[in-house]
Amino acid sequence: MAECTEVAELVYLVTGGCGFLGEHIVRMLLEREPRLRELRVFDLHLSPWLEELKTGPVQVTAIQGDVTQAHEVAAAVSGAHVVIHTAGLVDVFGRVTPETIFKVNVQGTRNVIEACVQMGTRCLVYTSSMEVVGPNIKGQPFYRGNENTPYEAMHKHPYPQSKAQAERLVLEANGRKVRGGLPLVTCALRPTGIYGEGHQIMRDFYRQGLRLGGWLFRAVPASVEHGRVYVGNVAWMHVLVARELEQRAVLMGGQVYFCYDQSPYKSYEDFNMEFLGPCGLRLVGTRPLLPHWLLVFLAALNALLQCLLRPLVLYAPLLNPYTLAVANTTFTVSTNKAQRHFGYEPLFSWEDSRARTILWVQGSAQ
Ligand SMILES: NC(=O)c1ccc[n+]([C@@H]2O[C@H](COP(=O)([O-])OP(=O)(O)OC[C@H]3O[C@@H](n4cnc5c(N)ncnc54)[C@H](O)[C@@H]3O)[C@@H](O)[C@H]2O)c1
Ligand SMILES: C[C@@H](CO)CCC[C@@H](C)[C@H]1CC[C@H]2[C@@H]3[C@H](O)C=C4C[C@@H](O)CC[C@]4(C)[C@H]3CC[C@]12C
């Protein structure tokens, strides 16, 4: 039976360890978790950079697997002390069907929980999302709220729905007896929009700007605040939570934590310009260039075209009714719960996060 405290050398499993956030968690664990003996990286698609990590002092085990396959998950979890479940389908553009999103995000999470119970793994950290709270379908602002701020969470889109269901499963599993009789300790981290090295949407905006001769066009009012957090700090929060979870089970078990740092409150587009500006792009307009009703119309047209073209080709542009609503609704957090519960302080200052992201964007033109 695997127990976190009594074993000096720990085995960690990171699902989705080859994704944008997963890679940062994997690298952060190797740099900053001295009790690590083996790190298992489980992903549907294994990345080549994993090979270079295999030469260090910690045993890095790459496992190609699918979270929807219970037996594959159970085999990967067997003997692990801590599971960080980051694998998920992040699709708000209609690239995959709702059924697939639910299968990966909800059934996949169920499989991870059951594997922990069967295999006697006591600590489970789940990467949730701000989207389990909002923005909701009414477009109500969530202005610098915390984990206790009342807000009507109502979702129609499969991505937030699936993340909310999965988070609930994880939190309800807290306290379940795992093999050997000890209780499972779980908690969920809720990042806002993550940015940093490897952020594909940022890279897409950069390339689009380059194609348009260096110009981007404002579509969202500058007054709409959108919460953002640096990927290195999100990874650091995961490492700290995983480290403290068993010792502070009573305080932290079954809890949710927003991910936060010193990134400034800005609109989605103004925030992106913190990086794209120094890379030579300009955002045109102090106010949205197109009237809101026209954007709503274009977003609806995109949704219609996606439906009509689906039998022939995948048409999945960035603008659709859901992404427009998210970008147009204030959603920011202001909290210190992670600091109070497990001593989290951001590892990267805003200046450092910004500089690292700019460097990455500059190198991602091709
Ligand atoms: N990117 C954000 O802004 C953001 C914000 C909040 C929360 N999150 C959450 O963080 C997590 C990671 O997101 P990301 O942005 O790194 O996404 P990502 O797509 O870069 O990473 C997800 C990883 O999960 C893997 N994966 C997908 N389906 C799988 C399956 N069936 N079995 C095994 N592995 C599978 C993918 O191959 C990928 O490597 C997700 O759970 C997401 O919901 C992301
Ligand atoms: C209207 C467009 C004009 O420029 C801008 C569209 C931007 C959208 C594509 C993105 C605006 C907000 C983003 C989401 C947000 O940052 C939080 C998220 C939570 C996370 O769990 C998954 C990603 C995302 C939904 C993120 C996706 C892209 C946006 C909708």
# chains A, B, ... in the order shown; residues from 1 in each chain; ligands from 1
>>> residues_around(residues="range 151-159 of chain A", least_positions_apart="3", cutoff="6 Å", atoms="only C-alpha atoms", output="list in words")
Pro98, Val133, Gly134, Asn136, Ile137 and Ser162 of chain A
>>> residues_near_ligand(ligand="ligand 1", cutoff="9 Å", atoms="only C-alpha atoms and all ligand atoms", output="PyMOL selection string")
chain A and resi 15-24+42-47+64-69+73+85-91+100-101+103-105+108+126-131+159-160+163+189-195+198-201+228-229+231+259
>>> residues_around(residues="Pro346 in chain A", least_positions_apart="6", cutoff="9 Å", atoms="only C-alpha atoms", output="list of chain:residue names")
A:Gly232, A:Asn233, A:Val234, A:Trp236, A:Met237, A:Tyr260, A:Asp261, A:Gln262
>>> residues_around(residues="Thr121 in chain A", least_positions_apart="3", cutoff="12 Å", atoms="only C-alpha atoms", output="PyMOL selection string")
chain A and resi 1-5+10-13+74+76-84+112-118+124-125+176-186+246
>>> select_by_dssp(residues="range 34-192 of chain A", states="strand (DSSP E)", output="VMD selection string")
chain A and resid 36 to 43 59 to 64 82 to 85 123 to 127 142 to 145 185 to 190
>>> residues_around(residues="Thr329 in chain A", least_positions_apart="6", cutoff="9 Å", atoms="only C-alpha atoms", output="PyMOL selection string")
chain A and resi 135-136+139-142+224-226
>>> write_last_selection(atoms="N, CA and C atoms", output="PDB file, in the first residue's frame")
ATOM      1  N   PRO A 135     -17.223  32.238 -16.794  1.00  0.00           N
ATOM      2  CA  PRO A 135     -18.460  32.999 -16.885  1.00  0.00           C
ATOM      3  C   PRO A 135     -19.680  32.107 -17.177  1.00  0.00           C
ATOM      4  N   ASN A 136     -20.824  32.494 -16.612  1.00  0.00           N
ATOM      5  CA  ASN A 136     -22.028  31.698 -16.818  1.00  0.00           C
ATOM      6  C   ASN A 136     -22.774  32.152 -18.081  1.00  0.00           C
ATOM      7  N   GLY A 139     -23.770  35.701 -18.636  1.00  0.00           N
ATOM      8  CA  GLY A 139     -22.742  36.724 -18.833  1.00  0.00           C
ATOM      9  C   GLY A 139     -22.584  37.642 -17.639  1.00  0.00           C
ATOM     10  N   GLN A 140     -22.863  37.117 -16.434  1.00  0.00           N
ATOM     11  CA  GLN A 140     -22.719  37.963 -15.232  1.00  0.00           C
ATOM     12  C   GLN A 140     -21.234  38.101 -14.879  1.00  0.00           C
ATOM     13  N   PRO A 141     -20.793  39.304 -14.516  1.00  0.00           N
ATOM     14  CA  PRO A 141     -19.377  39.475 -14.175  1.00  0.00           C
ATOM     15  C   PRO A 141     -19.024  38.799 -12.852  1.00  0.00           C
ATOM     16  N   PHE A 142     -17.820  38.275 -12.802  1.00  0.00           N
ATOM     17  CA  PHE A 142     -17.233  37.756 -11.556  1.00  0.00           C
ATOM     18  C   PHE A 142     -16.002  38.623 -11.381  1.00  0.00           C
ATOM     19  N   VAL A 224     -13.345  45.072 -19.965  1.00  0.00           N
ATOM     20  CA  VAL A 224     -13.695  43.708 -19.533  1.00  0.00           C
ATOM     21  C   VAL A 224     -12.441  43.013 -19.005  1.00  0.00           C
ATOM     22  N   GLU A 225     -12.430  42.709 -17.706  1.00  0.00           N
ATOM     23  CA  GLU A 225     -11.233  42.076 -17.107  1.00  0.00           C
ATOM     24  C   GLU A 225     -11.267  40.570 -17.279  1.00  0.00           C
ATOM     25  N   HIS A 226     -10.118  40.022 -17.704  1.00  0.00           N
ATOM     26  CA  HIS A 226     -10.052  38.564 -17.877  1.00  0.00           C
ATOM     27  C   HIS A 226      -8.890  38.007 -17.053  1.00  0.00           C
TER      28      HIS A 226
END
>>> atom_distance(atom1="CA of Gly280 in chain A", atom2="CA of Arg354 in chain A")
15.1 Å
